Structure formats: structure tokens, C-alpha cells
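Everything on this sheet refers to the single structure shown next.
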Amino acid sequence: MLPPGLRIPKAASTLWWMRDPFGLMDRCAKRFGEPYTMGILGFPPIVVTYTPETVKQIFADGGDTFAAGKFNRSLAPLLGDKSVLMLDGAEHLRHRRLLLPPFHGERMKAYGEVMLAAADAKIDQWSQGDVFALHPHMQEITLRVIIRTIFGFDEGPRFDEMMRRMKRILDLGAWPGLLIQAMQVDLGPRSPWGKFRRAVAAGDEYLFESIAERRQSGARGNDVLSLLLDARDEEGRAMTDAELRDELTTLLVAGHETSATALAWAVRWILGTPGLAYRLRTEIEDAVRADGTKRLTAARAAELPLVDSICREALRLNPVVPLVGRVLERPVRVAGYDLPEGTPVVCSIYLAQRRPEVYPDPTRFDPTRFLGKKLSPSEFFPFGGGMRRCIGMSFALYEMRIVLARIFERAQLSLASPRPVRPERRSITLMPSEGLIVRVAA
Ligand code: HEM
């Protein structure tokens with residue numbers, strides 16, 4: 001027997017999920033508690049969990065029982081079958097081991113200057129009195145950073161062409177309808193799926209060219225592509241061109257849209273919380289004064305405690321990806337229910353991170369919850385968990401801290417839409433509505 005759930009047609013709950021996923025999760029959690037069942041077109045009934053005990057059970061699995069790749073299949077048309085997100089078992093582990101090193105520790109810190117430069121280039125374009133949607137600006141910053149990080153291209157025509165092709169894929173792919181399998185039909189170059197497939201093909205052409213060129217020239221740098229070309233698994237095997245294409249696309253997509261959206265939410269909360277922008281600016285000015293530098297350095301920006309806790313609190317209250325999913329490889333007992341093989345089970349990041357037992361007054365934005373504290377990985381997991389935890393977690397947090405600190409060091413922004421800010425869907429992520437309209441004050 002499955003856990004209880006709303007007795008409404010699957011099409012109705014899918015529409016609700018697309019339009020207002022937080023509202024749907026709140027309603028079900030209030031009515032049924034953990035676990036409950038949710039109907040989404042294209043899936044068998046999905047079991048939703050969110051208490052630390054269950055989340056711990058799911059994240060502790062080595063992949064034999066809870067398979068993430070099977071759950072992520074709807075992303076395959078963009079990311080490809082050989083993307084780490086799509087794989088399970090030994091192949092997943094092989095890809096994960098090849099991908100992890102470029103995003104760790106000291107190596108990641110080498111990208112700090114690129115992050116600062118990308119933020120500066122955007123802020124330089126802002127003038128006093130400008131009113132604009134911030135999200136596309138954040139996307140441009142994070143896309144610039146990830147392209148530089150992955151390919152090492154210097155800015156120029158090649159870089160601009162890659163930016164253009166990637167932007168087109170992501171803009172066309174942003175429509176959530178494309179996640180529904182029934183919509184994934186190519187009815188010619190004007191149909192939504194047809195347009196999307198052609199944009200992906202144009203991006204692929206460029207990716208394969210870049211891989212071939214790099215293989216032929218033998219040129220290597222500090223970029224992720226160089227590291228992946230030289231990476232070998234335990235049996236000495238290198239990645240094939242097809243594997244490289246899928247992983248580069250995965251890193252480009254997973255590594256920029258998410259970070260841009262998280263940054264937009266952080267700015268939303270700073271501007272919407274009285275006195276916070278002032279406290280943030282004071283922290284930044286004190287750091288610059290103490291260092292005797294003209295501007296904040298990347299290393300210093302990444303160490304500021306208030307900046308860091310703002311990033312974490314924004315990811316708590318508005319997790320960019322609201323849930324992570326697995327499919328059962330065998331029958332297993334979850335949250336008191338014996339579930340059959342093939343059942344999709346999700347951990348709701350959104351519900352777990354708003355439990356009043358862990359987060360008193362959970363809907364209030366309060367970065368002091370994170371100041372000097374470390375929360376358990378089953379109570380705070382905006383990057384998922386266990387052996388599937390986000391490969392780019394440290395990179396994303398590093399980038400968020402640097403870009404956010406730079407924005408508040410250099411610009412005075414205020415919220416400028418007469419309408420309240422609410423979560424709005426963009427593909428699998430949830431961004432601030434209208435892209436967060438802001439005004440530049442000085
Ligand atoms: C704020 C920014 C980001 C958020 C909120 C985020 C969130 C997530 C989440 C929720 C997952 C699924 C984890 C699970 O199933 O348990 C994931 C996986 C992944 N993310 Fe991120 N991510 C971010 C940035 C990045 C960046 C910058 C990169 C790379 C440059 C990246 C690469 C990946 C990859 C490759 C996976 C698949 C891991 C696997 O299946 O083993 N992400 N991310």
C-alpha cells in the first residue's frame with residue numbers, strides 16, 4: 001500500500017506542481033505529514049519524504065537501493081545518456097571520480113579572479129537610476145564564469161559564440177512544459193521541441209569542435225576540459241568524445257543556471273530585510289580596511305561570515321532545486337511503508353528546510369541561524385546528498401560569496417517592482433518572479 005495523497009487527477013496535480021510547487025508541498029505536508037504520495041504525469045505515484053530519519057536513510061545508500069540516474073531521465077534529451085546525472089552504479093561512480101578533482105579545494109580557488117572579473121564587468125554596466133530584472137544579469141555572470149572555468153577561453157569571438165549558443169539552449173529549455181515527455185516531439189523547426197533540439201545540435205557542434213581541436217593541438221591549461229582530457233579511471237581509460245560532450249553540457253547547465261538563481265534569491269532577501277544591506281556593507285568595508293587593499297580580494301570575499309550565512313539562508317528558504325529523487329531498485333521499507341521496486345521516492349529539500357523543529361519561525365529570513373553553526377546534512381541539503389551530492393557545491397558557494405560581496409561592495413540596489421516577489425518556475429529551478437526587478441540607487 002502506498003502512503004496517502006490528494007485524490008485529484010494526475011494532470012491537475014502536474015499543473016499545480018508546475019505552477020506552484022511550494023504551495024502543493026505545503027498543502028500535502030499539512031494534510032498528510034511524511035510520507036505522502038504525489039501524482040506527476042510520466043511517473044508512477046511519487047512518494048515524498050522530508051524528515052531527517054528518512055533523508056538519512058536515503059542519503060546513506062550506496063546506490064544499490066535508491067537510483068538517482070533513473071529518476072533524472074527527463075533531463076536526458078539535453079544532458080545526454082552519458083551525463084553523470086543520468087548514470088547509476090559503477091558507471092556513475094567512474095564518471096563522478098573523473099569529474100570531482102577540478103571542483104575541489106585549491107584548484108577551485110584558482111577561479112576566484114575569473115569570478116570577480118565577471119561580476120565587475122556586469123556592475124560596470126549599471127548606472128544610477130537603472131531599473132532592470134536582475135536574474136538575467138546573474139545568469140550572464142555565472143555563464144561567463146563557467147565557460148571560462150571549463151574551456152579556459154579568453155574573451156573574444158570564440159567565447160562570445162559559445163555564450164550565444166549556450167544562452168539559446170537554456171532560454172528555449174527554460175519552459176517547464178518541455179520536461180513533460182508528451183511535449184518532447186519534434187514537429188519541425190518552429191515547434192518548441194524542434195527549436196530546442198536544433199539549438200542543442202548547434203551547441204554540440206561547437207563542443208565537439210572544441211574537444212577535437214584540443215585533442216589535436218595537445219594544448220592544456222588550468223581549465224576543466226584540460227583536466228578531463230587527461231583524466232583516467234582506475235583501469236586507465238580516458239573519457240570518449242561522447243562522454244565528454246555529455247559531461248561538459250552537464251557542467252555548463254548544472255553549473256550556471258542554479259548559481260544565478262541562488263544569487264538572485266540572496267539579493268532578494270538582502271534587499272527585503274531591513275538593515276541587512278547596511279550590515280553586509282559594513283562587513284565588506286571593514287575587511288577592505290583591514291587588508292589595506294583598494295577593493296575586496298576573492299580570497300577575502302569568500303571568508304566573510306555574514307556573506308556566507310546569507311548565501312546559506314537564501315538556499316534554505318528558497319532551494320533552487322526543490323527536491324532530489326531516487327527510484328527504488330528493490331522493495332524496501334521507507335518511512336513506515338513497504339514500497340515496491342520501481343517506486344520513485346523524493347526528499348523534499350523545501351519541506352525539510354522549513355521544519356519548525358529545526359528552524360524556529362521558518363519563513364523568516366535570518367542568516368544568524370548559520371553564523372558559526374553547521375547543520376546536519378539531513379536537515380540542510382540544498383545540494384542534495386550522499387554519493388549523489390552536487391559536484392559543484394564548493395564551487396557554487398565560493399562563487400556566490402564572491403559575486404554577492406562584490407555587488408554590495410560596489411552598488412546600492414533596491415527592490416523596484418510593485419508586486420510581491422514569489423517563486424516562479426524556470427525549467428527545474430525556481431527563480432524570483434519577474435526575474436527580480438531592482439533599481440540602482442548610487
Ligand atoms: C547554487 C548552485 C547549485 C545548486 C543549488 C545545485 C544543486 C544540486 C542538486 C540538488 C543536485 C542533486 C543531488 C542529489 O541528487 O542528491 C546536484 C547535482 C549535481 N550538480 Fe549541482 N547545484 C549547484 C551548482 C552546481 C555547479 C556550479 C556545478 C558544476 C560546475 C554542479 C554540478 C552538478 C553535478 C555534476 C551534479 C550530479 C552529481 C551526481 O549525480 O553524482 N552544480 N546539484
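Starting from 1 in every chain, residues are counted up; chains themselves are A, B, ... following the order of the C-alpha cells, and ligands are numbered from 1 as listed.
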Give me, as CSV, the closest atom pair and its distance (Å, one decimal) for every residue of chain A within a cut-off of 7 Å of ligand 1, counting only C-alpha atoms and all ligand atoms, rows sorted by chain and rising number.
```
residue,atom,partner,partner_atom_place_in_ligand_line,distance
A:Ala68,CA,ligand 1,15 (O),6.1
A:Val84,CA,ligand 1,40 (O),5.3
A:Leu85,CA,ligand 1,40 (O),4.0
A:His92,CA,ligand 1,41 (O),6.8
A:Arg96,CA,ligand 1,41 (O),5.7
A:Ile146,CA,ligand 1,30 (C),6.9
A:Thr250,CA,ligand 1,35 (C),6.1
A:Leu251,CA,ligand 1,29 (C),4.7
A:Leu252,CA,ligand 1,30 (C),6.8
A:Ala254,CA,ligand 1,31 (C),4.7
A:Gly255,CA,ligand 1,26 (C),3.4
A:His256,CA,ligand 1,27 (C),6.0
A:Thr258,CA,ligand 1,2 (C),4.4
A:Ser259,CA,ligand 1,2 (C),3.9
A:Ala262,CA,ligand 1,1 (C),5.2
A:Pro319,CA,ligand 1,5 (C),6.5
A:Val320,CA,ligand 1,5 (C),5.2
A:Val321,CA,ligand 1,10 (C),5.4
A:Leu323,CA,ligand 1,10 (C),6.7
A:Val324,CA,ligand 1,15 (O),4.9
A:Gly325,CA,ligand 1,15 (O),6.2
A:Pro382,CA,ligand 1,5 (C),5.4
A:Phe383,CA,ligand 1,7 (C),4.0
A:Gly384,CA,ligand 1,16 (O),3.3
A:Gly385,CA,ligand 1,16 (O),4.2
A:Gly386,CA,ligand 1,16 (O),6.5
A:Met387,CA,ligand 1,41 (O),6.4
A:Arg388,CA,ligand 1,41 (O),3.9
A:Arg389,CA,ligand 1,13 (C),4.4
A:Cys390,CA,ligand 1,18 (C),3.6
A:Ile391,CA,ligand 1,33 (C),4.7
A:Gly392,CA,ligand 1,28 (C),3.5
A:Met393,CA,ligand 1,24 (C),5.6
A:Phe395,CA,ligand 1,27 (C),5.5
A:Ala396,CA,ligand 1,27 (C),4.5
A:Leu397,CA,ligand 1,1 (C),6.7
```
Could those residues be written to a file, using N, CA and C atoms, as a compact mmCIF listing (two decimals), in the first residue's frame?
```
# COMPACT_ATOMS: atom_id res chain seq x y z
N ALA A 68 19.45 7.36 -8.49
CA ALA A 68 19.13 8.74 -8.88
C ALA A 68 19.06 8.90 -10.40
N VAL A 84 26.72 12.30 -15.91
CA VAL A 84 26.80 11.72 -14.56
C VAL A 84 25.43 11.72 -13.87
N LEU A 85 24.59 12.72 -14.20
CA LEU A 85 23.27 12.81 -13.58
C LEU A 85 22.35 11.66 -14.00
N HIS A 92 28.27 5.40 -12.85
CA HIS A 92 28.10 6.68 -12.17
C HIS A 92 29.35 7.01 -11.36
N ARG A 96 31.83 10.16 -11.77
CA ARG A 96 31.91 11.08 -10.63
C ARG A 96 33.37 11.28 -10.21
N ILE A 146 31.45 29.98 -15.83
CA ILE A 146 31.54 28.53 -16.07
C ILE A 146 32.20 28.26 -17.43
N THR A 250 26.53 18.95 -19.06
CA THR A 250 26.00 18.86 -17.69
C THR A 250 26.61 19.96 -16.81
N LEU A 251 27.92 20.13 -16.92
CA LEU A 251 28.57 21.13 -16.07
C LEU A 251 28.12 22.54 -16.46
N LEU A 252 27.98 22.78 -17.78
CA LEU A 252 27.54 24.10 -18.23
C LEU A 252 26.13 24.41 -17.73
N ALA A 254 24.18 22.60 -15.30
CA ALA A 254 24.01 22.49 -13.84
C ALA A 254 24.80 23.59 -13.14
N GLY A 255 25.88 24.04 -13.78
CA GLY A 255 26.80 24.95 -13.09
C GLY A 255 26.50 26.42 -13.25
N HIS A 256 25.50 26.77 -14.04
CA HIS A 256 25.30 28.22 -14.13
C HIS A 256 23.90 28.70 -13.80
N THR A 258 21.65 27.31 -11.86
CA THR A 258 21.42 27.14 -10.42
C THR A 258 22.07 28.27 -9.62
N SER A 259 23.34 28.54 -9.92
CA SER A 259 24.06 29.56 -9.15
C SER A 259 23.46 30.94 -9.37
N ALA A 262 20.27 31.16 -7.34
CA ALA A 262 20.58 31.28 -5.92
C ALA A 262 21.05 32.70 -5.59
N PRO A 319 15.26 26.91 -1.83
CA PRO A 319 16.14 25.96 -2.52
C PRO A 319 15.88 26.04 -4.02
N VAL A 320 16.92 26.24 -4.79
CA VAL A 320 16.77 26.44 -6.22
C VAL A 320 16.17 25.20 -6.87
N VAL A 321 16.64 24.03 -6.42
CA VAL A 321 16.06 22.75 -6.85
C VAL A 321 15.25 22.28 -5.63
N LEU A 323 13.59 19.58 -4.81
CA LEU A 323 13.67 18.19 -4.30
C LEU A 323 14.71 17.39 -5.06
N VAL A 324 15.15 16.28 -4.44
CA VAL A 324 16.00 15.33 -5.17
C VAL A 324 15.29 13.98 -5.17
N GLY A 325 15.47 13.22 -6.26
CA GLY A 325 14.69 11.99 -6.40
C GLY A 325 15.54 10.76 -6.63
N PRO A 382 20.58 21.78 0.35
CA PRO A 382 20.21 22.40 -0.93
C PRO A 382 20.97 21.79 -2.11
N PHE A 383 22.07 21.07 -1.83
CA PHE A 383 22.86 20.45 -2.89
C PHE A 383 22.65 18.93 -2.93
N GLY A 384 21.55 18.44 -2.36
CA GLY A 384 21.30 17.01 -2.33
C GLY A 384 22.23 16.33 -1.33
N GLY A 385 22.43 15.00 -1.50
CA GLY A 385 23.26 14.35 -0.50
C GLY A 385 23.76 12.98 -0.86
N GLY A 386 24.56 12.46 0.08
CA GLY A 386 25.15 11.13 -0.07
C GLY A 386 26.08 11.09 -1.26
N MET A 387 26.10 9.93 -1.93
CA MET A 387 27.04 9.76 -3.04
C MET A 387 26.57 10.49 -4.31
N ARG A 388 25.42 11.18 -4.25
CA ARG A 388 24.97 11.98 -5.39
C ARG A 388 25.07 13.46 -5.10
N ARG A 389 25.65 13.83 -3.96
CA ARG A 389 25.69 15.26 -3.63
C ARG A 389 26.35 16.05 -4.76
N CYS A 390 25.84 17.27 -4.95
CA CYS A 390 26.28 18.13 -6.04
C CYS A 390 27.81 18.22 -6.11
N ILE A 391 28.35 17.96 -7.30
CA ILE A 391 29.80 18.03 -7.52
C ILE A 391 30.29 19.47 -7.41
N GLY A 392 29.42 20.41 -7.75
CA GLY A 392 29.83 21.82 -7.79
C GLY A 392 29.51 22.59 -6.52
N MET A 393 29.22 21.89 -5.41
CA MET A 393 28.77 22.60 -4.20
C MET A 393 29.79 23.66 -3.72
N PHE A 395 32.26 24.97 -5.32
CA PHE A 395 32.45 25.96 -6.38
C PHE A 395 31.30 26.98 -6.35
N ALA A 396 30.07 26.48 -6.24
CA ALA A 396 28.89 27.36 -6.27
C ALA A 396 28.88 28.29 -5.06
N LEU A 397 29.20 27.76 -3.88
CA LEU A 397 29.18 28.61 -2.67
C LEU A 397 30.30 29.65 -2.75
```
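Every protein, DNA or RNA residue with an atom at most 12 Å from Glu205 in chain A, where only C-alpha atoms count and chain neighbours fewer than 6 positions away do not, is listed here: Glu161, Met162, Arg165, Met166, Arg198, Ala199, Ile211, Ala212, Asp241, Ala242, Arg245 and Thr249 of chain A.
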Self-check item: Separation of CA of Gly203 in chain A from CA of Ile147 in chain A in Å
Solution: 12.8 Å
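Between Leu134 in chain A and the residues A:Lys122, A:Arg73, A:Lys373, A:His104, the shortest atom-to-atom distance, using only C-alpha atoms, involves A:Lys122.
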Practice problem: Do a neighbour search on Gly33 in chain A at 10 Å with only C-alpha atoms, toss out local chain neighbours closer than 3 positions, and write the hits as a list in words. | Solution: Pro3, Pro4, Asp26, Arg27, Cys28, Ala29, Lys30, Tyr36, Val48, Thr49, Tyr50 and Thr51 of chain A
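For range 35-156 of chain A, the set of residues given strand (DSSP E) by DSSP on the backbone reads Tyr36, Thr37, Met38, Ile46, Val47, Val48, Thr49, Phe66, Ala67, Val131, Phe132 and Ala133 of chain A.
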Practice problem: Give the alpha helix (DSSP H) residues of range 94-326 of chain A, as assigned by DSSP on the backbone, as a ChimeraX atom specification. | Solution: /A:94-99,105-109,112-123,134-151,157-173,192-217,224-230,241-254,257-272,276-291,298-301,305-317
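Proximity ranking of A:His135, A:Arg401, A:Arg439, A:Arg107 relative to Ala298 in chain A places A:Arg401 first, based on only C-alpha atoms.
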Self-check item: Contacts of range 425-430 of chain A at 12 Å (only C-alpha atoms; same-chain gap of 4+ positions) as a ChimeraX atom specification
Solution: /A:15-22,72,74-75,78,135,169-180,253-254,256-262,264-265,315,317-324,350,382,421,434-435
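Nearest-residue note for Pro305 in chain A: choosing from A:Val55, A:Ala405, A:Leu229, A:Ala119, the minimum distance belongs to A:Ala405, counting only C-alpha atoms.
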